[in-house]
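S.K.: Once you've had a glance at the structure underneath, I'll fire off some questions.
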Amino acid sequence: MSAWLLPLARRVGSLALVLLATSFIVFGAMYLAPGSPESFLVRGNSVTAETLQAIRDQYHLDEPFLSQYVLWLGGVVQGDFGLSIQFRQPVSELIASRVPTTALLVGYAAVLILVIGVLVGVLAAVKRGGVDGTAIVVSTVAMATPSFVVAMALTSLFAVTLGWFPAFGAGEGFGDRLWHLTLPAVALALSSAALVLRTTRTSMIGALGKEYVETARVRGFSSSRVVWGQAFRGGIVPVVTLAGLVISGLLVTTTIVETVFGLNGIGSLLVQAVNVKDFPVVQAVILIIVAVFVLSNLVVDLLYPVLEPRARAKGGAR
Amino acid sequence: MSGSNQQVDAAVLAIDDLRLDVGAGETAVRILDGVGLSCAAGEIVGLVGESGSGKSMTLRAAVGLAPKGARLTGSVRVAGRELVGAGRREVLRVRREVAAMIFQDPRAHVNPYQRIGAFVADGLRRTRGWSRTRAAQQVVSLLDEVGLPDPETLADRYPHELSGGMLQRVMIASALSTEPRLLLADEATTALDVTTQAEIMGLLRRLREERGLAIVFVTHDLDLAAASCDRIHVMQSGVVVEQGRALDVFERPEHPYTRKLLDAMPSRLDAEAPTPIGGAA
């Protein structure tokens, strides 16, 4: 039991360390960035020195850098990210109200990425020939196209010309939301799905050439048993590692996609906050994105020995 | 001739005038050129030759495994079923019901992602539709039959936790699971050390007797073939150049190639020190 718990504790510890370092960098970057929050707040209006001073006091802007950081960090560990300068409302509330849209969007895109990427990747590896060639060309184009271009192309074709999907907004209720989020999810998923497809394809071609797959063929297993029951088990391992990175990376791309499709999620919130130097919001969102990254890496790390028996610790397996 | 015909009818494996070509036009290469071979129930037939002589290719033809784009002519009959020109259904049937194959490198040929028990049980589960529990019981008795100690515990292990010799026994157990009549062994002892090699050969001979298996044993080791097989076919460049009773071939080789093979045996070389090969120091 301890053989399994100890590495886990070590990983969680290093996770905390990464987050701490990130928080410092994020805080420092905002400190060094040009412009100041109070200049946004007064919006060029002439205000009294007292008002300005009140604002500077509220955000501890006159404290030295390190003590500003410590004050902020002290709040963060208690779930208090401060007050949004732009919205005059606690950052944690603001983020909580934005999370559902982004979570649904990223979840939707993740399903598309895995289903399309893995299915088509396996199909291309098994069939080769025309199917494979088409998959390679299409995935190359998809990987090379920036998501904002995809977003605009999808909008003009499916929303404006054909009118199948809405071009804007997140919708109400689950079904309507899915309908609204379809184009954004496709735009978000496309290049990642292509990457997963290519990785699956390469990995499956390798797996299908393995000797133990030949064994399965000689034993008279049906083609689908050979592919899904034997080759897929080993072929999927690198895909899982990649999928963890790719799906957590979607959070970054939501900044573009949510802005283009006018969705009120974490991504568009980050863009708005950066534009008006809403430091507390920017810091909180970036910290959350990094936390998701680190957590998904942890999950993939923990999953690896489950998927790869040969990687299991000698002491733990016996 | 009638005598030899009778023998072919009784044979579990009967290969006749098998030709295999790959490539087209100018670049066409004939891999097998009129190979004939038979193996009856309870018989171990050795197929001996150097790398590239076509012995493995001949063996693979018996389970319908030909390289991509290969053209086969002649006849390969397994338990009376013709495989040359046969459809996929017929080939699957032979693989599921009649023939089984074991390989040179069991570590590569046993699925590293499956526990030993699941790997062996797969044959029964996927081709006979047995339930997990029923197959698991059969697996324990199979692992026991091939001489593996403590089969219940072993079934829960992964391949990387076993030695090469143990894995080859696992391979044999999985081959036996569907009660084949023909066992094809492709260099099945080559990668093993001498002691393990002798044990595996002993196991194959025992199975031949207990189960009446027809075994075709491909090897480049004429010594080993002579010691373990009833009959030997010697192949060179896709042609069977000599065949006969194992001891006859071993003691009175007729074809010059067989004599060369015998002369190349380390055991037959003069006991003097090998001449160093000159060259860069």
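Starting from 1 in every chain, residues are counted up; chains themselves are A, B, ... following the order of the structure tokens, and ligands are numbered from 1 as listed.
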Would you give me, as a tab-separated table, each residue of chain A having an atom within 12 Å of an atom of chain B, along with its shortest atom pair and that distance in Å to one decimal, using only C-alpha atoms and sorting by chain and residue number?
M.R.:
residue	atom	partner	partner_atom	distance
A:Ala207	CA	B:Asn111	CA	10.7
A:Leu208	CA	B:Asn111	CA	11.9
A:Gly209	CA	B:Ala108	CA	11.1
A:Lys210	CA	B:Ala108	CA	7.5
A:Glu211	CA	B:His109	CA	4.8
A:Tyr212	CA	B:His109	CA	4.0
A:Val213	CA	B:His109	CA	7.6
A:Glu214	CA	B:His109	CA	7.5
A:Thr215	CA	B:His109	CA	6.0
A:Ala216	CA	B:Gly123	CA	8.5
A:Arg217	CA	B:Arg95	CA	8.3
A:Val218	CA	B:Arg95	CA	6.0
A:Arg219	CA	B:Arg95	CA	5.6
A:Gly220	CA	B:Arg95	CA	4.8
A:Phe221	CA	B:Arg126	CA	6.4
A:Ser222	CA	B:Leu92	CA	7.9
A:Ser223	CA	B:Leu92	CA	10.1
A:Ser224	CA	B:Arg126	CA	11.0
A:Arg225	CA	B:Arg126	CA	7.9
A:Val226	CA	B:Arg126	CA	10.2
A:Gly229	CA	B:Asp122	CA	9.7
A:Gln230	CA	B:Asn111	CA	7.5
A:Ala231	CA	B:Asn111	CA	9.1
A:Phe232	CA	B:Tyr113	CA	10.3
A:Arg233	CA	B:Tyr113	CA	7.0
A:Gly234	CA	B:Tyr113	CA	6.9
A:Gly235	CA	B:Tyr113	CA	10.6
A:Ile236	CA	B:Tyr113	CA	11.5
A:Val237	CA	B:Tyr113	CA	10.7
A:Pro305	CA	B:Tyr113	CA	11.1
A:Val306	CA	B:Tyr113	CA	10.0
A:Leu307	CA	B:Tyr113	CA	7.9
A:Glu308	CA	B:Tyr113	CA	6.9
A:Pro309	CA	B:Tyr113	CA	6.3
A:Arg310	CA	B:His160	CA	6.5
A:Ala311	CA	B:His160	CA	10.1
A:Arg312	CA	B:Tyr158	CA	10.6
A:Ala313	CA	B:Glu161	CA	11.8
A:Lys314	CA	B:Glu161	CA	9.4
A:Ala317	CA	B:Arg157	CA	9.0
A:Arg318	CA	B:Arg157	CA	8.6
S.K.: Those selected residues, please, written with C-alpha atoms and delivered as an mmCIF file, in the first residue's frame.
M.R.:
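The resulting file, selection_15.cif, is shown below:
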data_model
loop_
_atom_site.group_PDB
_atom_site.id
_atom_site.type_symbol
_atom_site.label_atom_id
_atom_site.label_comp_id
_atom_site.auth_asym_id
_atom_site.auth_seq_id
_atom_site.Cartn_x
_atom_site.Cartn_y
_atom_site.Cartn_z
ATOM 1 C CA ALA A 207 0.842 -2.218 -32.990
ATOM 2 C CA LEU A 208 -0.692 -4.084 -35.929
ATOM 3 C CA GLY A 209 2.801 -5.093 -37.015
ATOM 4 C CA LYS A 210 3.669 -6.533 -33.611
ATOM 5 C CA GLU A 211 4.384 -10.245 -33.335
ATOM 6 C CA TYR A 212 1.693 -10.788 -30.713
ATOM 7 C CA VAL A 213 -0.867 -9.463 -33.174
ATOM 8 C CA GLU A 214 0.373 -12.057 -35.647
ATOM 9 C CA THR A 215 -0.180 -14.644 -32.908
ATOM 10 C CA ALA A 216 -3.806 -13.522 -32.632
ATOM 11 C CA ARG A 217 -4.217 -13.846 -36.402
ATOM 12 C CA VAL A 218 -2.740 -17.337 -36.398
ATOM 13 C CA ARG A 219 -5.124 -18.286 -33.599
ATOM 14 C CA GLY A 220 -7.982 -17.479 -35.954
ATOM 15 C CA PHE A 221 -9.361 -14.404 -34.203
ATOM 16 C CA SER A 222 -11.726 -12.315 -36.306
ATOM 17 C CA SER A 223 -10.327 -9.109 -37.812
ATOM 18 C CA SER A 224 -12.204 -6.900 -35.359
ATOM 19 C CA ARG A 225 -10.922 -8.995 -32.422
ATOM 20 C CA VAL A 226 -7.392 -8.671 -33.747
ATOM 21 C CA GLY A 229 -8.939 -6.870 -28.704
ATOM 22 C CA GLN A 230 -5.201 -7.140 -29.317
ATOM 23 C CA ALA A 231 -3.573 -4.260 -31.233
ATOM 24 C CA PHE A 232 -5.677 -1.454 -29.730
ATOM 25 C CA ARG A 233 -4.676 -2.237 -26.146
ATOM 26 C CA GLY A 234 -1.040 -1.391 -26.815
ATOM 27 C CA GLY A 235 -1.688 1.117 -29.572
ATOM 28 C CA ILE A 236 -3.772 3.403 -27.374
ATOM 29 C CA VAL A 237 -1.083 4.006 -24.722
ATOM 30 C CA PRO A 305 1.173 2.074 -15.086
ATOM 31 C CA VAL A 306 -2.438 0.927 -15.358
ATOM 32 C CA LEU A 307 -2.155 0.935 -19.159
ATOM 33 C CA GLU A 308 1.406 -0.349 -19.344
ATOM 34 C CA PRO A 309 1.975 -3.430 -17.153
ATOM 35 C CA ARG A 310 5.724 -3.357 -17.829
ATOM 36 C CA ALA A 311 5.954 0.107 -16.226
ATOM 37 C CA ARG A 312 4.537 -1.035 -12.911
ATOM 38 C CA ALA A 313 6.851 -0.809 -9.941
ATOM 39 C CA LYS A 314 8.483 -4.168 -9.261
ATOM 40 C CA ALA A 317 3.108 -5.601 -8.804
ATOM 41 C CA ARG A 318 3.999 -8.732 -6.858
#
S.K.: Using backbone DSSP assignments, extract all strand (DSSP E or B) residues from segment 7-241 of chain B; output them as a ChimeraX atom specification.
M.R.: /B:11-22,29-40,44-48,71-78,81-82,99-102,182-186,214-219,231-236,239-241
S.K.: Applying 8 Å and only C-alpha atoms, which residues near Pro184 of chain A remain after dropping the ones on its own chain fewer than 2 positions away? List them as JSON, numbers by chain.
M.R.: {"A": [105, 151, 180, 181, 182, 186, 187, 188, 257, 258, 261]}
S.K.: Report the distance between atom CA of Ala62 of chain B and atom CA of Glu179 of chain B in Å, rounded to one decimal place.
M.R.: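 A separation of 16.7 Å between them.
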S.K.: Taking only C-alpha atoms into account, which of A:Ala273, A:Ala16, A:Ala185, A:Ala291 comes nearest Val150 of chain A?
M.R.: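 Smallest separation from Val150 of chain A among the options: A:Ala185.
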S.K.: Which residues are close to segment 262-269 of chain A, i.e. within 12 Å by only C-alpha atoms, leaving aside same-chain residues fewer than 4 positions away? Reply as a PyMOL selection string.
M.R.: chain A and resi 84+86-87+91-92+94-106+151+155+166-171+177+180-181+183-185+188+249-258+273-289
